[in-house]
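*Asks:* I am sharing input.cif, which consists of mmCIF, C-alpha atoms:
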data_start
#
loop_
_atom_site.label_atom_id
_atom_site.label_comp_id
_atom_site.auth_asym_id
_atom_site.auth_seq_id
_atom_site.Cartn_x
_atom_site.Cartn_y
_atom_site.Cartn_z
CA MET A 1 193.60 220.53 150.23
CA ILE A 2 192.37 219.41 146.80
CA ARG A 3 195.31 217.02 146.42
CA HIS A 4 194.52 215.51 149.82
CA LEU A 5 190.86 215.01 148.88
CA VAL A 6 191.84 213.34 145.61
CA LYS A 7 194.20 210.96 147.41
CA LEU A 8 191.49 210.20 149.97
CA ALA A 9 188.93 209.50 147.22
CA TRP A 10 191.33 207.11 145.44
CA ALA A 11 192.14 205.36 148.72
CA ARG A 12 188.44 204.80 149.41
CA ARG A 13 187.85 203.58 145.86
CA ARG A 14 190.71 201.11 146.15
CA ALA A 15 189.41 199.87 149.51
CA ASN A 16 185.94 199.34 148.04
CA ALA A 17 187.39 197.47 145.05
CA LEU A 18 189.38 195.19 147.33
CA LEU A 19 186.28 194.51 149.42
CA VAL A 20 184.35 193.48 146.30
CA LEU A 21 187.13 191.09 145.27
CA GLU A 22 187.38 189.67 148.80
CA ILE A 23 183.66 188.90 148.83
CA PHE A 24 183.80 187.06 145.51
CA ALA A 25 186.98 185.23 146.59
CA SER A 26 185.12 184.01 149.68
CA LEU A 27 182.44 182.64 147.34
CA GLY A 28 185.02 180.61 145.41
CA PHE A 29 185.81 182.96 142.50
CA ASP A 30 189.34 183.42 141.11
CA VAL A 31 190.57 186.87 140.01
CA ALA A 32 191.79 187.16 136.41
CA ASP A 33 193.26 189.99 134.33
CA GLY A 34 193.50 190.69 130.61
CA PRO A 35 194.68 193.28 128.07
CA GLU A 36 192.92 196.62 127.67
CA VAL A 37 193.74 196.59 123.93
CA GLU A 38 191.84 193.61 122.55
CA LEU A 39 191.30 191.68 119.31
CA TYR A 40 188.05 192.35 117.46
CA GLU A 41 187.20 188.65 117.33
CA ASN A 42 187.60 188.20 121.10
CA TYR A 43 185.43 191.19 121.80
CA PHE A 44 182.63 190.90 119.24
CA ASP A 45 182.63 187.60 117.36
CA LYS A 46 183.30 185.16 120.21
CA LEU A 47 180.90 186.97 122.54
CA GLY A 48 178.07 186.58 120.05
CA PHE A 49 177.62 190.23 119.01
CA PRO A 50 175.71 190.45 115.70
CA PRO A 51 177.56 192.28 112.88
CA ASP A 52 175.15 195.24 113.02
CA HIS A 53 175.36 195.74 116.80
CA PRO A 54 175.75 199.47 117.69
CA ALA A 55 178.96 198.77 119.63
CA THR A 56 180.67 197.83 116.36
CA ASP A 57 180.27 201.40 115.08
CA GLU A 58 183.27 203.71 115.31
CA HIS A 59 181.24 206.39 117.07
CA ASP A 60 180.67 203.96 119.99
CA THR A 61 184.02 202.14 120.27
CA PHE A 62 187.66 203.28 120.17
CA PHE A 63 189.26 201.31 117.34
CA ILE A 64 193.07 201.18 117.29
CA ARG A 65 193.39 199.43 113.92
CA GLY A 66 190.72 198.20 111.54
CA ASN A 67 187.06 198.01 112.48
CA SER A 68 185.63 194.69 111.28
CA SER A 69 185.93 190.93 111.56
CA ALA A 70 187.02 190.93 107.89
CA ASP A 71 190.33 192.39 109.03
CA PRO A 72 192.09 189.77 111.22
CA GLU A 73 194.32 192.50 112.70
CA SER A 74 191.44 194.72 113.91
CA VAL A 75 192.02 195.78 117.51
CA LEU A 76 190.18 198.12 119.87
CA LEU A 77 190.09 199.46 123.40
CA ARG A 78 187.79 197.11 125.29
CA THR A 79 184.45 198.63 126.30
CA GLN A 80 183.87 195.91 128.89
CA THR A 81 185.96 193.24 130.59
CA SER A 82 183.90 190.39 129.08
CA THR A 83 186.81 189.56 126.78
CA ILE A 84 188.61 188.08 129.78
CA GLN A 85 185.86 185.46 129.90
CA ILE A 86 186.81 184.31 126.40
CA ARG A 87 190.54 184.27 127.20
CA GLU A 88 190.03 182.28 130.43
CA MET A 89 187.72 179.73 128.80
CA LEU A 90 190.18 179.19 125.95
CA GLU A 91 192.84 178.28 128.51
CA ARG A 92 190.82 176.38 131.12
CA GLN A 93 188.18 173.68 131.28
CA PRO A 94 185.13 173.75 133.60
CA PRO A 95 184.40 174.00 136.40
CA LEU A 96 185.63 177.57 136.73
CA ALA A 97 184.47 180.74 138.45
CA ILE A 98 186.18 184.03 137.55
CA VAL A 99 185.89 187.73 138.36
CA SER A 100 187.83 190.24 136.27
CA PRO A 101 188.19 193.90 137.27
CA GLY A 102 189.76 196.53 135.03
CA ALA A 103 189.60 199.75 133.04
CA VAL A 104 187.27 199.99 130.04
CA TYR A 105 186.81 202.67 127.37
CA ARG A 106 183.73 204.02 125.61
CA ARG A 107 182.99 207.04 123.46
CA ASP A 108 180.91 208.66 126.22
CA ASP A 109 181.65 212.13 127.50
CA ASP A 110 178.83 214.00 129.22
CA ALA A 111 177.64 214.93 132.70
CA THR A 112 176.99 211.32 133.73
CA HIS A 113 179.57 209.40 131.65
CA SER A 114 183.32 209.20 131.30
CA PRO A 115 185.29 207.81 128.31
CA MET A 116 187.25 205.65 130.79
CA PHE A 117 185.92 203.92 133.89
CA PHE A 118 186.37 200.71 135.87
CA GLN A 119 184.24 197.61 135.59
CA LEU A 120 184.08 194.17 137.14
CA GLU A 121 182.72 191.15 135.33
CA GLY A 122 182.30 187.63 136.54
CA PHE A 123 181.22 184.26 135.22
CA LEU A 124 180.82 180.67 136.33
CA VAL A 125 180.67 177.53 134.18
CA ASP A 126 179.92 174.02 135.40
CA GLU A 127 177.40 171.23 134.98
CA ASP A 128 173.76 171.96 135.93
CA VAL A 129 174.27 175.69 136.66
CA THR A 130 170.89 177.47 136.92
CA PHE A 131 169.49 181.00 136.96
CA ALA A 132 168.43 180.40 140.57
CA GLU A 133 172.10 179.91 141.52
CA LEU A 134 172.97 183.18 139.80
CA LYS A 135 170.28 185.04 141.75
CA GLY A 136 171.45 183.49 145.00
CA VAL A 137 175.15 184.33 144.50
CA LEU A 138 174.52 187.95 143.51
CA THR A 139 171.95 188.54 146.25
CA LEU A 140 174.44 187.24 148.82
CA PHE A 141 177.20 189.41 147.32
CA LEU A 142 175.12 192.61 147.49
CA ARG A 143 173.99 191.94 151.04
CA ARG A 144 177.58 191.41 152.14
CA LEU A 145 178.64 194.57 150.30
CA PHE A 146 175.85 196.89 151.45
CA ASP A 147 173.70 195.47 154.25
CA GLU A 148 172.16 192.10 155.03
CA HIS A 149 168.72 193.69 154.92
CA VAL A 150 169.12 195.52 151.60
CA ALA A 151 166.24 194.91 149.20
CA VAL A 152 167.05 193.71 145.66
CA ARG A 153 164.98 193.35 142.53
CA PHE A 154 165.45 191.83 139.07
CA ARG A 155 164.24 193.38 135.79
CA ALA A 156 164.20 191.57 132.45
CA SER A 157 166.74 193.01 129.99
CA TYR A 158 168.80 192.12 126.91
CA PHE A 159 172.51 191.36 126.46
CA PRO A 160 174.08 189.78 123.33
CA PHE A 161 175.79 186.88 125.10
CA THR A 162 173.30 185.91 127.84
CA GLU A 163 169.72 184.62 127.76
CA PRO A 164 167.65 184.99 129.86
CA SER A 165 169.13 188.30 131.01
CA ALA A 166 168.18 190.82 133.67
CA GLU A 167 169.25 194.00 135.45
CA MET A 168 169.68 193.94 139.21
CA ASP A 169 168.77 196.88 141.47
CA VAL A 170 169.20 197.65 145.17
CA THR A 171 167.37 200.07 147.43
CA CYS A 172 168.78 203.60 147.09
CA PHE A 173 171.30 204.10 149.90
CA LEU A 174 170.63 207.86 150.14
CA CYS A 175 166.86 207.92 150.47
CA ASP A 176 166.31 204.36 151.73
CA GLY A 177 163.83 203.74 148.94
CA GLU A 178 161.76 206.88 149.47
CA GLY A 179 162.86 208.50 146.19
CA CYS A 180 165.44 211.22 145.49
CA GLN A 181 167.39 212.85 142.65
CA VAL A 182 170.11 210.18 142.72
CA CYS A 183 167.66 207.32 142.11
CA LYS A 184 165.45 209.51 139.89
CA TYR A 185 162.69 209.19 142.47
CA THR A 186 162.27 205.47 141.89
CA GLY A 187 163.78 204.32 145.20
CA TRP A 188 166.13 201.94 143.33
CA LEU A 189 169.69 202.04 141.99
CA GLU A 190 170.80 199.88 139.07
CA ILE A 191 173.86 197.87 140.17
CA LEU A 192 174.61 195.28 137.50
CA GLY A 193 173.40 193.19 134.60
CA ARG A 194 173.54 189.41 134.39
CA GLY A 195 172.20 186.31 132.72
CA MET A 196 172.82 182.76 131.53
CA VAL A 197 175.58 182.35 128.92
CA VAL A 198 174.13 181.48 125.50
CA PRO A 199 175.31 178.11 124.09
CA ASN A 200 176.94 179.56 120.94
CA VAL A 201 179.54 181.34 123.14
CA PHE A 202 180.64 177.93 124.41
CA GLY A 203 181.07 176.83 120.83
CA TYR A 204 183.79 179.45 120.29
CA VAL A 205 185.84 178.08 123.21
CA ASN A 206 185.25 174.36 122.52
CA TYR A 207 183.01 173.71 125.52
CA VAL A 208 180.29 171.07 125.13
CA SER A 209 177.10 173.15 125.44
CA GLU A 210 175.00 170.01 126.04
CA LYS A 211 177.11 169.30 129.12
CA TYR A 212 177.89 172.72 130.59
CA THR A 213 175.87 175.80 131.51
CA GLY A 214 177.01 179.04 133.03
CA TYR A 215 176.16 182.58 134.03
CA ALA A 216 177.84 185.95 133.63
CA PHE A 217 177.43 189.39 135.25
CA GLY A 218 178.97 192.83 135.00
CA MET A 219 178.95 195.97 137.13
#
What would the structure in this file look like if it were written as structure tokens?

*Replies:*
Amino acid sequence: MIRHLVKLAWARRRANALLVLEIFASLGFDVADGPEVELYENYFDKLGFPPDHPATDEHDTFFIRGNSSADPESVLLRTQTSTIQIREMLERQPPLAIVSPGAVYRRDDDATHSPMFFQLEGFLVDEDVTFAELKGVLTLFLRRLFDEHVAVRFRASYFPFTEPSAEMDVTCFLCDGEGCQVCKYTGWLEILGRGMVVPNVFGYVNYVSEKYTGYAFGM
């Protein structure tokens, strides 16, 4: 019985993942993959993380070898799939729109966190890309995924490689916004974070920041 329930849960999870990718594919995004063991420079330096960012500490990130940009051979288990953005931009010129699903690893192990989980990130780079376009794309995605009438909201936030940045919430699907334990009685569930790519990230991949703009999101 337990084995059957586990198989059923994995089947549903796979179906949901495929639905997410199908929605983004219908919006013109390509699907890209990348290594789970990543170079320090691709993960921290080229994404604009400051040297003293908490994620660079060994108690937050699984380091395989080395733990600083001073060691060119430093490698780690990626804590997010953002590194695929760097790899894709180093190989391709704009315009491009990418989503990248995959496993990520963090030193979290408590009632609400797992040291390994799955994440999907996406980004788009082209001329004259705006924050309004980002809001429109993600609102359309969430309404196709959940319900065309689902309410969404945006909250200002901070991420190292986007500015301006924001969190995106949807109405709690269990209580329909009335408030429950799952949504901590707020009526909202946090779905993803997103923002406009900062120009210095484009500098690491030889994009002309005066010509191109872009946005990125992760869930």

*Asks:* For A:Ser100, which residue among A:Glu163, A:Asp176, A:Asp30, A:Asp60 is the nearest when counting only C-alpha atoms?

*Replies:* A:Asp30

*Asks:* Please determine, counting only C-alpha atoms, which residue among A:Ser157, A:Asn200, A:Asn206, A:Gln181 has the shortest atom-to-atom distance to A:Gly48.

*Replies:*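 Nearest candidate to A:Gly48 out of A:Ser157, A:Asn200, A:Asn206, A:Gln181: A:Asn200.
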
*Asks:* Quick check, in Å to one decimal: how far apart do atom CA of A:Thr81 and atom CA of A:Glu210 lie?

*Replies:* 26.1 Å

*Asks:* Once you count all atoms listed in the file, what closest atom pair and distance in Å to one decimal does each residue of stretch 18-130 of chain A within 10 Å of stretch 191-197 of chain A have, with rows by chain and rising residue number, as CSV?

*Replies:*
residue,atom,partner,partner_atom,distance
A:Leu47,CA,A:Val197,CA,9.5
A:Leu120,CA,A:Leu192,CA,9.5
A:Glu121,CA,A:Leu192,CA,9.4
A:Gly122,CA,A:Arg194,CA,9.2
A:Phe123,CA,A:Val197,CA,8.7
A:Leu124,CA,A:Val197,CA,9.2
A:Val125,CA,A:Val197,CA,8.8
A:Val129,CA,A:Met196,CA,8.9
A:Thr130,CA,A:Met196,CA,7.8

*Asks:* Which neighbours of A:Phe49 fall inside 6 Å, counting only C-alpha atoms, when residues of the same chain fewer than 3 positions from it are skipped, and could you give them as a ChimeraX atom specification?

*Replies:* /A:44-45,160

*Asks:* Atoms to include: C-alpha atoms. Write the selected residues as a compact mmCIF listing (two decimals), in the frame of the given file.

*Replies:*
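again-v4.txt, freshly written:
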# COMPACT_ATOMS: atom_id res chain seq x y z
CA PHE A 44 182.63 190.90 119.24
CA ASP A 45 182.63 187.60 117.36
CA PRO A 160 174.08 189.78 123.33

*Asks:* Which neighbours of A:Leu27 fall inside 10 Å, counting all atoms listed in the file, when residues of the same chain fewer than 4 positions from it are skipped, and could you give them as a list in words?

*Replies:* Leu21, Glu22, Ile23, Ala97, Val137, Leu140 and Phe141 of chain A

*Asks:* Go ahead and write the residues just picked, C-alpha atoms, as a PDB file, in the frame of the given file.

*Replies:*
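Writing done, so here's again_15.pdb:
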ATOM      1  CA  LEU A  21     187.130 191.090 145.270  1.00  0.00           C
ATOM      2  CA  GLU A  22     187.380 189.670 148.800  1.00  0.00           C
ATOM      3  CA  ILE A  23     183.660 188.900 148.830  1.00  0.00           C
ATOM      4  CA  ALA A  97     184.470 180.740 138.450  1.00  0.00           C
ATOM      5  CA  VAL A 137     175.150 184.330 144.500  1.00  0.00           C
ATOM      6  CA  LEU A 140     174.440 187.240 148.820  1.00  0.00           C
ATOM      7  CA  PHE A 141     177.200 189.410 147.320  1.00  0.00           C
TER       8      PHE A 141
END

*Asks:* Excluding same-chain residues fewer than 5 positions from A:Ser114, what lies within 12 Å of it counting only C-alpha atoms, as a PyMOL selection string?

*Replies:* chain A and resi 79+103-109

*Asks:* Using all atoms listed in the file, can you tell me which of A:Met168, A:Met89, A:Met116, A:Thr61 comes closest to A:Leu142?

*Replies:*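 Among A:Met168, A:Met89, A:Met116, A:Thr61, it is A:Met168 that comes nearest to A:Leu142.
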
*Asks:* For the structure provided, state which residues fall under the PyMOL selection byres ((chain A and resi 204) around 12), and present them as an MDAnalysis selection string.

*Replies:* chainID A and resid 41:48 85:87 89:90 161 198:203 205:209

*Asks:* Those same residues, written as a PDB file, in the coordinates of the input with C-alpha atoms?

*Replies:*
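Output file out_12.pdb follows:
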ATOM      1  CA  GLU A  41     187.200 188.650 117.330  1.00  0.00           C
ATOM      2  CA  ASN A  42     187.600 188.200 121.100  1.00  0.00           C
ATOM      3  CA  TYR A  43     185.430 191.190 121.800  1.00  0.00           C
ATOM      4  CA  PHE A  44     182.630 190.900 119.240  1.00  0.00           C
ATOM      5  CA  ASP A  45     182.630 187.600 117.360  1.00  0.00           C
ATOM      6  CA  LYS A  46     183.300 185.160 120.210  1.00  0.00           C
ATOM      7  CA  LEU A  47     180.900 186.970 122.540  1.00  0.00           C
ATOM      8  CA  GLY A  48     178.070 186.580 120.050  1.00  0.00           C
ATOM      9  CA  GLN A  85     185.860 185.460 129.900  1.00  0.00           C
ATOM     10  CA  ILE A  86     186.810 184.310 126.400  1.00  0.00           C
ATOM     11  CA  ARG A  87     190.540 184.270 127.200  1.00  0.00           C
ATOM     12  CA  MET A  89     187.720 179.730 128.800  1.00  0.00           C
ATOM     13  CA  LEU A  90     190.180 179.190 125.950  1.00  0.00           C
ATOM     14  CA  PHE A 161     175.790 186.880 125.100  1.00  0.00           C
ATOM     15  CA  VAL A 198     174.130 181.480 125.500  1.00  0.00           C
ATOM     16  CA  PRO A 199     175.310 178.110 124.090  1.00  0.00           C
ATOM     17  CA  ASN A 200     176.940 179.560 120.940  1.00  0.00           C
ATOM     18  CA  VAL A 201     179.540 181.340 123.140  1.00  0.00           C
ATOM     19  CA  PHE A 202     180.640 177.930 124.410  1.00  0.00           C
ATOM     20  CA  GLY A 203     181.070 176.830 120.830  1.00  0.00           C
ATOM     21  CA  VAL A 205     185.840 178.080 123.210  1.00  0.00           C
ATOM     22  CA  ASN A 206     185.250 174.360 122.520  1.00  0.00           C
ATOM     23  CA  TYR A 207     183.010 173.710 125.520  1.00  0.00           C
ATOM     24  CA  VAL A 208     180.290 171.070 125.130  1.00  0.00           C
ATOM     25  CA  SER A 209     177.100 173.150 125.440  1.00  0.00           C
TER      26      SER A 209
END

*Asks:* Tell me, in Å to one decimal, how far atom CA of A:Glu38 is from atom CA of A:His113.

*Replies:*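 Separating atom CA of A:Glu38 from atom CA of A:His113 is a distance of 22.0 Å.
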
*Asks:* Rounded to one decimal, what separation in Å do you get between atom CA of A:Arg144 and atom CA of A:Pro95?

*Replies:*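 Taking atom CA of A:Arg144 as the start and atom CA of A:Pro95 as the end point, the length is 24.4 Å.
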
*Asks:* Would you please work out which residue, of A:Arg78, A:Lys184, A:Arg92, A:Lys211, is nearest to A:Cys172 when using all atoms listed in the file?

*Replies:*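 For A:Cys172, the nearest of the candidates is A:Lys184.
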
*Asks:* A:Tyr40, A:Phe217, A:Phe62, A:Phe146: which is nearest A:Glu167, counting only C-alpha atoms?

*Replies:*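 Looking at the shortest contact to A:Glu167, the residue is A:Phe217.
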